[in-house]
Every structure is written in structure tokens, then in C-alpha cells.
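Q: File name final.txt; file contents compact mmCIF, C-alpha atoms; full text below.
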# COMPACT_ATOMS: atom_id res chain seq x y z
CA MET A 114 0.00 0.00 0.00
CA PRO A 115 2.77 2.54 0.82
CA SER A 116 4.29 1.99 -2.62
CA ARG A 117 0.88 2.61 -4.20
CA ASN A 118 0.51 5.81 -2.20
CA ASN A 119 3.94 6.97 -3.37
CA ALA A 120 3.03 6.22 -6.96
CA ILE A 121 -0.17 8.24 -6.70
CA LEU A 122 1.70 11.12 -5.06
CA GLU A 123 4.26 11.16 -7.87
CA ARG A 124 1.57 11.08 -10.55
CA PHE A 125 -0.41 13.80 -8.82
CA TYR A 126 2.60 16.08 -8.37
CA THR A 127 3.62 15.59 -12.01
CA CYS A 128 0.13 16.51 -13.19
CA LEU A 129 0.08 19.61 -11.03
CA ILE A 130 3.41 21.10 -12.08
CA SER A 131 2.71 20.40 -15.75
CA GLY A 132 -0.73 22.01 -15.59
CA ASP A 133 -2.44 18.73 -16.51
CA ARG A 134 -5.90 19.55 -15.19
CA ALA A 135 -7.57 16.50 -16.71
CA GLY A 136 -4.89 14.19 -15.32
CA ALA A 137 -5.19 15.65 -11.81
CA ARG A 138 -8.98 15.27 -11.89
CA GLU A 139 -8.60 11.69 -13.08
CA ILE A 140 -6.44 10.88 -10.06
CA MET A 141 -8.98 12.45 -7.72
CA ASP A 142 -11.73 10.40 -9.37
CA GLU A 143 -9.68 7.23 -8.82
CA VAL A 144 -9.22 8.04 -5.16
CA PHE A 145 -12.89 8.73 -4.51
CA THR A 146 -14.03 5.75 -6.58
CA ALA A 147 -12.00 3.67 -4.09
CA ASP A 148 -14.18 5.18 -1.31
CA CYS A 149 -11.24 6.94 0.30
CA PRO A 150 -12.56 9.40 2.95
CA ALA A 151 -11.94 13.08 2.25
CA ASN A 152 -9.93 13.48 5.47
CA THR A 153 -7.61 10.68 4.38
CA VAL A 154 -7.20 12.32 0.98
CA ALA A 155 -6.29 15.57 2.72
CA SER A 156 -3.71 13.93 4.98
CA ASN A 157 -2.19 11.43 2.54
CA LEU A 158 -2.38 13.25 -0.79
CA ILE A 159 -3.17 16.96 -0.62
CA TRP A 160 -0.96 17.99 2.31
CA PRO A 161 2.13 15.91 1.34
CA THR A 162 1.92 17.28 -2.19
CA LEU A 163 1.54 20.86 -0.97
CA ASP A 164 4.43 20.37 1.46
CA ALA A 165 6.63 19.06 -1.36
CA LEU A 166 5.62 21.99 -3.55
CA GLN A 167 6.55 24.48 -0.82
CA THR A 168 9.94 22.79 -0.33
CA MET A 169 10.70 22.89 -4.05
CA ARG A 170 9.71 26.55 -4.20
CA ARG A 171 11.84 27.43 -1.20
CA ASN A 172 14.87 25.71 -2.73
CA ASP A 173 14.39 27.28 -6.17
CA GLN A 174 13.86 23.82 -7.66
CA ILE A 175 10.67 24.70 -9.50
CA THR A 176 9.91 27.30 -12.16
CA ASN A 177 7.40 30.08 -11.62
CA LEU A 178 5.27 28.57 -14.37
CA ALA A 179 5.17 25.14 -12.72
CA TYR A 180 4.48 26.71 -9.31
CA ASN A 181 1.58 28.73 -10.70
CA TYR A 182 0.19 25.71 -12.53
CA ALA A 183 0.31 23.63 -9.35
CA THR A 184 -1.05 26.17 -6.87
CA ARG A 185 -3.95 27.27 -9.08
CA LEU A 186 -4.95 23.69 -9.78
CA MET A 187 -4.62 22.73 -6.12
CA ARG A 188 -6.86 25.64 -5.18
CA SER A 189 -9.61 24.21 -7.37
CA ILE A 190 -9.13 20.70 -5.98
CA THR A 191 -9.09 21.92 -2.37
CA ASP A 192 -12.36 23.80 -2.97
CA GLN A 193 -13.98 20.62 -4.28
CA LEU A 194 -12.57 18.47 -1.48
CA GLN A 195 -14.15 20.73 1.13
CA LEU A 196 -17.60 19.58 0.02
CA ARG A 197 -16.72 15.95 0.78
CA TYR A 198 -15.66 16.29 4.43
CA GLU A 199 -17.88 14.67 7.02
CA GLN A 200 -19.38 17.54 9.03
CA ARG A 201 -19.39 17.16 12.82
CA GLU A 202 -21.72 18.92 15.23
CA SER A 203 -20.91 22.51 16.13
CA ARG A 204 -18.43 22.98 18.97
CA ASN A 205 -19.61 26.56 19.51
CA VAL A 206 -15.96 27.60 19.26
CA SER A 207 -14.87 30.29 16.81
CA CYS A 208 -11.48 30.70 15.11
CA LEU A 209 -9.71 33.31 13.04
CA VAL A 210 -7.18 31.74 10.63
CA VAL A 211 -4.41 33.85 9.08
CA CYS A 212 -1.37 32.81 7.06
CA GLY A 213 1.53 33.93 4.90
CA ALA A 214 0.75 35.82 1.71
CA GLU A 215 2.29 33.35 -0.76
CA GLU A 216 -0.15 31.25 -2.76
CA SER A 217 1.01 27.94 -1.28
CA GLU A 218 0.75 29.34 2.26
CA GLU A 219 -2.80 30.47 1.56
CA LEU A 220 -3.58 26.98 0.31
CA ALA A 221 -2.22 25.55 3.56
CA GLY A 222 -4.36 28.02 5.51
CA GLN A 223 -7.42 27.12 3.47
CA LEU A 224 -6.85 23.40 3.99
CA ALA A 225 -6.54 23.97 7.75
CA SER A 226 -9.68 26.13 7.74
CA ASP A 227 -11.71 23.55 5.83
CA LEU A 228 -10.67 20.73 8.17
CA LEU A 229 -11.43 22.83 11.26
CA GLU A 230 -14.84 23.78 9.91
CA ALA A 231 -15.62 20.13 9.22
CA ASP A 232 -14.58 19.35 12.80
CA GLY A 233 -17.27 21.67 14.16
CA TYR A 234 -15.47 25.00 14.54
CA THR A 235 -16.83 28.31 13.26
CA VAL A 236 -14.01 29.55 11.05
CA TYR A 237 -13.09 32.97 9.67
CA PHE A 238 -10.26 32.66 7.12
CA THR A 239 -8.54 35.90 6.15
CA GLY A 240 -5.70 34.59 4.01
CA GLY A 241 -2.45 36.57 4.09
CA GLY A 242 -1.44 40.22 3.98
CA ILE A 243 -3.77 41.44 6.75
CA SER A 244 -2.45 44.06 9.19
CA ASN A 245 -2.21 43.33 12.91
CA ASP A 246 -4.63 46.17 13.65
CA GLU A 247 -7.32 44.57 11.52
CA ILE A 248 -6.70 41.16 13.06
CA VAL A 249 -7.00 42.53 16.60
CA ALA A 250 -10.19 44.39 15.63
CA GLN A 251 -11.75 41.20 14.25
CA LEU A 252 -10.82 39.21 17.33
CA GLY A 253 -12.56 41.76 19.54
CA GLU A 254 -15.54 42.42 17.29
CA HIS A 255 -16.49 38.76 16.95
CA LYS A 256 -15.23 37.74 20.41
CA LEU A 257 -13.33 34.88 18.85
CA ASP A 258 -11.97 31.99 20.90
CA LYS A 259 -8.85 31.07 18.93
CA LEU A 260 -6.31 32.75 16.67
CA ILE A 261 -4.53 30.40 14.27
CA VAL A 262 -1.47 31.43 12.28
CA PHE A 263 -0.96 28.57 9.84
CA GLY A 264 1.53 28.67 7.02
CA ALA A 265 3.65 31.70 7.89
CA ILE A 266 6.68 32.66 5.81
CA PRO A 267 9.92 33.98 7.42
CA ALA A 268 9.11 37.58 6.47
CA THR A 269 5.88 37.52 8.50
CA VAL A 270 7.35 36.08 11.72
CA PRO A 271 8.32 39.47 13.27
CA ALA A 272 4.77 40.76 12.69
CA THR A 273 3.36 37.56 14.20
CA ARG A 274 5.56 37.98 17.25
CA GLN A 275 4.44 41.61 17.59
CA LEU A 276 0.81 40.57 17.28
CA ILE A 277 1.10 37.96 20.04
CA ASP A 278 3.01 40.34 22.32
CA TYR A 279 0.41 43.04 21.73
CA LEU A 280 -2.51 40.73 22.50
CA HIS A 281 -0.83 39.67 25.73
CA ASP A 282 0.00 43.27 26.67
CA ILE A 283 -3.43 44.80 26.14
CA GLY A 284 -5.30 41.84 27.59
CA SER A 285 -8.36 42.51 25.43
CA CYS A 286 -8.75 38.79 24.65
CA PRO A 287 -7.64 37.14 27.90
CA ASN A 288 -9.16 33.76 27.04
CA LEU A 289 -7.85 33.65 23.47
CA GLN A 290 -5.84 30.57 22.56
CA ILE A 291 -3.08 31.25 20.02
CA ILE A 292 -2.06 28.37 17.76
CA VAL A 293 0.61 28.28 15.06
CA GLY A 294 1.70 25.67 12.55
CA GLY A 295 3.04 24.87 9.12
CA GLY A 296 5.37 27.11 7.16
CA ILE A 297 8.39 28.44 9.01
CA PHE A 298 7.13 27.00 12.32
CA ASN A 299 7.83 23.49 10.98
CA ARG A 300 11.39 24.34 10.01
CA ALA A 301 12.53 26.46 12.97
CA ASP A 302 12.60 24.31 16.09
CA GLY A 303 11.36 26.16 19.16
CA LEU A 304 10.09 29.18 17.24
CA ALA A 305 6.45 28.61 18.23
CA GLU A 306 7.37 28.62 21.90
CA GLU A 307 9.71 31.56 21.46
CA ILE A 308 6.99 33.83 20.10
CA GLY A 309 4.56 32.83 22.84
CA ALA A 310 2.11 30.51 21.06
CA ASP A 311 -0.08 28.35 23.26
CA LEU A 312 -0.18 25.39 20.89
CA TRP A 313 1.54 24.36 17.65
CA ALA A 314 1.20 21.69 14.98
CA ASN A 315 3.16 20.46 11.97
CA ASP A 316 0.29 20.05 9.53
CA PRO A 317 -3.45 20.77 9.23
CA ILE A 318 -4.43 17.28 10.35
CA GLU A 319 -2.30 17.47 13.50
CA LEU A 320 -3.68 20.97 14.07
CA VAL A 321 -7.25 19.66 14.32
CA GLN A 322 -6.16 16.81 16.58
CA LYS A 323 -4.17 19.01 18.98
CA MET A 324 -6.88 21.65 19.22
CA SER A 325 -9.38 18.96 20.12
CA ALA A 326 -7.03 17.34 22.66
CA ALA A 327 -5.85 20.55 24.35
CA PRO A 328 -8.56 23.22 24.02
CA ASP A 329 -7.52 24.99 27.22
CA ARG A 330 -3.74 24.86 26.97
CA ARG A 331 -2.10 28.24 27.54
CA MET A 332 1.47 29.40 27.92
CA ALA A 333 2.35 30.44 31.47
CA GLU A 334 3.12 34.15 31.92
CA ASP A 335 6.86 33.53 32.33
CA GLN A 336 6.92 31.45 29.14
CA ARG A 337 5.15 34.19 27.21
CA THR A 338 8.03 36.57 27.83
CA VAL A 339 10.78 34.17 26.70
CA GLY A 340 10.70 35.34 23.10
CA ARG A 341 10.71 38.98 24.08
CA ARG A 342 13.71 38.50 26.37
CA ARG A 343 15.60 36.66 23.64
CA ALA A 344 14.84 39.40 21.13
CA GLN A 345 16.03 42.05 23.60
CA GLN A 346 19.23 40.08 24.25
CA LYS A 347 19.92 39.81 20.52
CA ARG A 348 19.40 43.54 20.07
CA GLY A 349 21.71 44.22 22.99
CA LYS A 350 24.46 42.04 21.52
CA LYS A 351 24.15 43.78 18.15
CA ALA A 352 24.35 47.21 19.79
CA ALA A 353 27.42 46.16 21.80
CA ALA A 354 29.14 44.89 18.67
Take the structure in the file and write it out as C-alpha cells.
A:
Amino acid sequence: MPSRNNAILERFYTCLISGDRAGAREIMDEVFTADCPANTVASNLIWPTLDALQTMRRNDQITNLAYNYATRLMRSITDQLQLRYEQRESRNVSCLVVCGAEESEELAGQLASDLLEADGYTVYFTGGGISNDEIVAQLGEHKLDKLIVFGAIPATVPATRQLIDYLHDIGSCPNLQIIVGGGIFNRADGLAEEIGADLWANDPIELVQKMSAAPDRRMAEDQRTVGRRRAQQKRGKKAAA
């Protein structure tokens, strides 16, 4: 079975980067004809392919044309997959999901949002490129329970750190749980803790699982200042040099 999965992944990836829309749809038809649940498709096909695409992009191993082919086609497939998820009862818990501005990061954010919505959460998905002021305003206006930063790129990490520090400083959302995952948080060990996140996950599937298992987990006050102290120490060393 693993070898079959690898073969499907390779075929799917090849179709995506070559812009073979009919071929990609044929693979999806094969998968669903085999009665494969949508969640399994998301975890075993969509996310691994998206993760591989992001890695290739990051390492300059894919052309802009192939990247655009793949991300636009994956957007269409992800939209269609959302309709196939088994919908659970409402949890009466609301989330705001933000992400990096790159197309693949927005796809990761959308995949996470779709899976969370299917798991019973009320989800607001902004995509990328939204200012911290607007995010804070939305959190307060809708009295949201969770802020999820999924699929951040390195350039957005300082703004994410500032957002978390600001939310902790003003205390306007004292019960807000802050969760991060995907993107740079997968590649930089300890970064999630350093910026003061309450919970973190490697992929959208793990995100749903961890949020369900630890809905009340929060960083202690002393942990929330670790990142700020480290940043201050780094600035101090640079100034001394």
C-alpha cells in the first residue's frame, strides 16, 4: 500500500506542475471511486503534495510557471474536497485563521480552515497580507476563541511575534488561545514557543487533533516573555558589537 501511495503522489505532483488539469482530476476520481474518505485524501495526498511543492519553491527547484500551474490547480481541488468532508456537530468555538501571503501558504491556511470547519469549529479565514490592527479588531468584534497562524513565511514572523506580544500586553482577549503551525514553524525548532504561542502543529491534520485534545492549553506568563527577552538580548548584543 505505501508503494501505491507513493506512486499516486508522484503522478499527482507531475500533473500539477505540468498544468495537466484532466490528469489531476482523473487521479482524484480514482481516489474517490475507491471510497477513500476526504480526510484521508487531505492527509495522505493533498498535504504531502503541498508540502513538497513548498519545499521545491523554497529551494528554487521549481519554475514560476510550474508553481503557478500547481497552486492554481490545487486551489480548485481543495475547494472541491471541502464539500466531501464529514461535518461534525458545532463545537460553539470560533477561530480566526491567518497565514503567509504566498499562494502555497494560503492553500495551507485554506486546507486547515476547511478541516477545522468540518470538525465543528466556526471559522473565519482571512488569508495573508492582513495588518495586525485589523486582526485585533476582528478578534474583539467577533469575540473569537482562537487565533490560528498557519503557514507563515519567514518575512511575517516578526509581525506575528508583535501581534502575540500586543494581544498579551493589552489583555483585550484574555481567554484567546493562540495556535501556530506549518510554514516556518515546521522548520525552525522552538520558534512557536519563542513567540509565545499556546499550541503548535506540523500540519493541518495534526492541528485539528491538537486543538481537540488541548482546548484549554495556555502558555504560562513567564513562558510568554521568553521570546521577548531573547529578542532584547539579541538587540543588545548587536548594539554592543
Q: So how far away is atom CA of A:Asp148 from atom CA of A:Ala221, in Å?
A: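 So the two atoms, atom CA of A:Ala221 and atom CA of A:Asp148, lie 24.1 Å apart.
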Q: Using all atoms listed in the file, which of A:Ala214, A:Met324, A:Met141, A:Met332 sits nearest A:Asp258?
A: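 Closest to A:Asp258 of all the choices is A:Met324.
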Q: I'd like the interatomic distance between atom CA of A:Ala265 and atom CA of A:Thr191, to a tenth of an Å.
A: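 So the two atoms, atom CA of A:Ala265 and atom CA of A:Thr191, lie 19.1 Å apart.
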Q: Quick one: distance from atom CA of A:Ala250 to atom CA of A:Phe263 in Å, one decimal?
A: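 Going from atom CA of A:Ala250 over to atom CA of A:Phe263, I get 19.2 Å.
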Q: Considering only C-alpha atoms, state which residue in the set A:Gly132, A:Phe145, A:Gln223, A:Ser156 is at the smallest distance from A:Asn181.
A: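 Among A:Gly132, A:Phe145, A:Gln223, A:Ser156, it is A:Gly132 that comes nearest to A:Asn181.
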Q: What lies within 7 Å of A:Ile266 using only C-alpha atoms, ignoring chain neighbours under 6 positions off, as a PyMOL selection string?
A: chain A and resi 213+296-297
Q: For C-alpha atoms, I'd like the residues from the last selection saved as an mmCIF file, in the frame of the given file.
A:
data_model
loop_
_atom_site.group_PDB
_atom_site.id
_atom_site.type_symbol
_atom_site.label_atom_id
_atom_site.label_comp_id
_atom_site.auth_asym_id
_atom_site.auth_seq_id
_atom_site.Cartn_x
_atom_site.Cartn_y
_atom_site.Cartn_z
ATOM 1 C CA GLY A 213 1.530 33.930 4.900
ATOM 2 C CA GLY A 296 5.370 27.110 7.160
ATOM 3 C CA ILE A 297 8.390 28.440 9.010
#
Q: Have a look at A:Val249, A:Ala327, A:Leu129, A:Val321 and name the one nearest to A:Cys286; count all atoms listed in the file.
A: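 Going through A:Val249, A:Ala327, A:Leu129, A:Val321 one by one, the smallest distance to A:Cys286 is for A:Val249.
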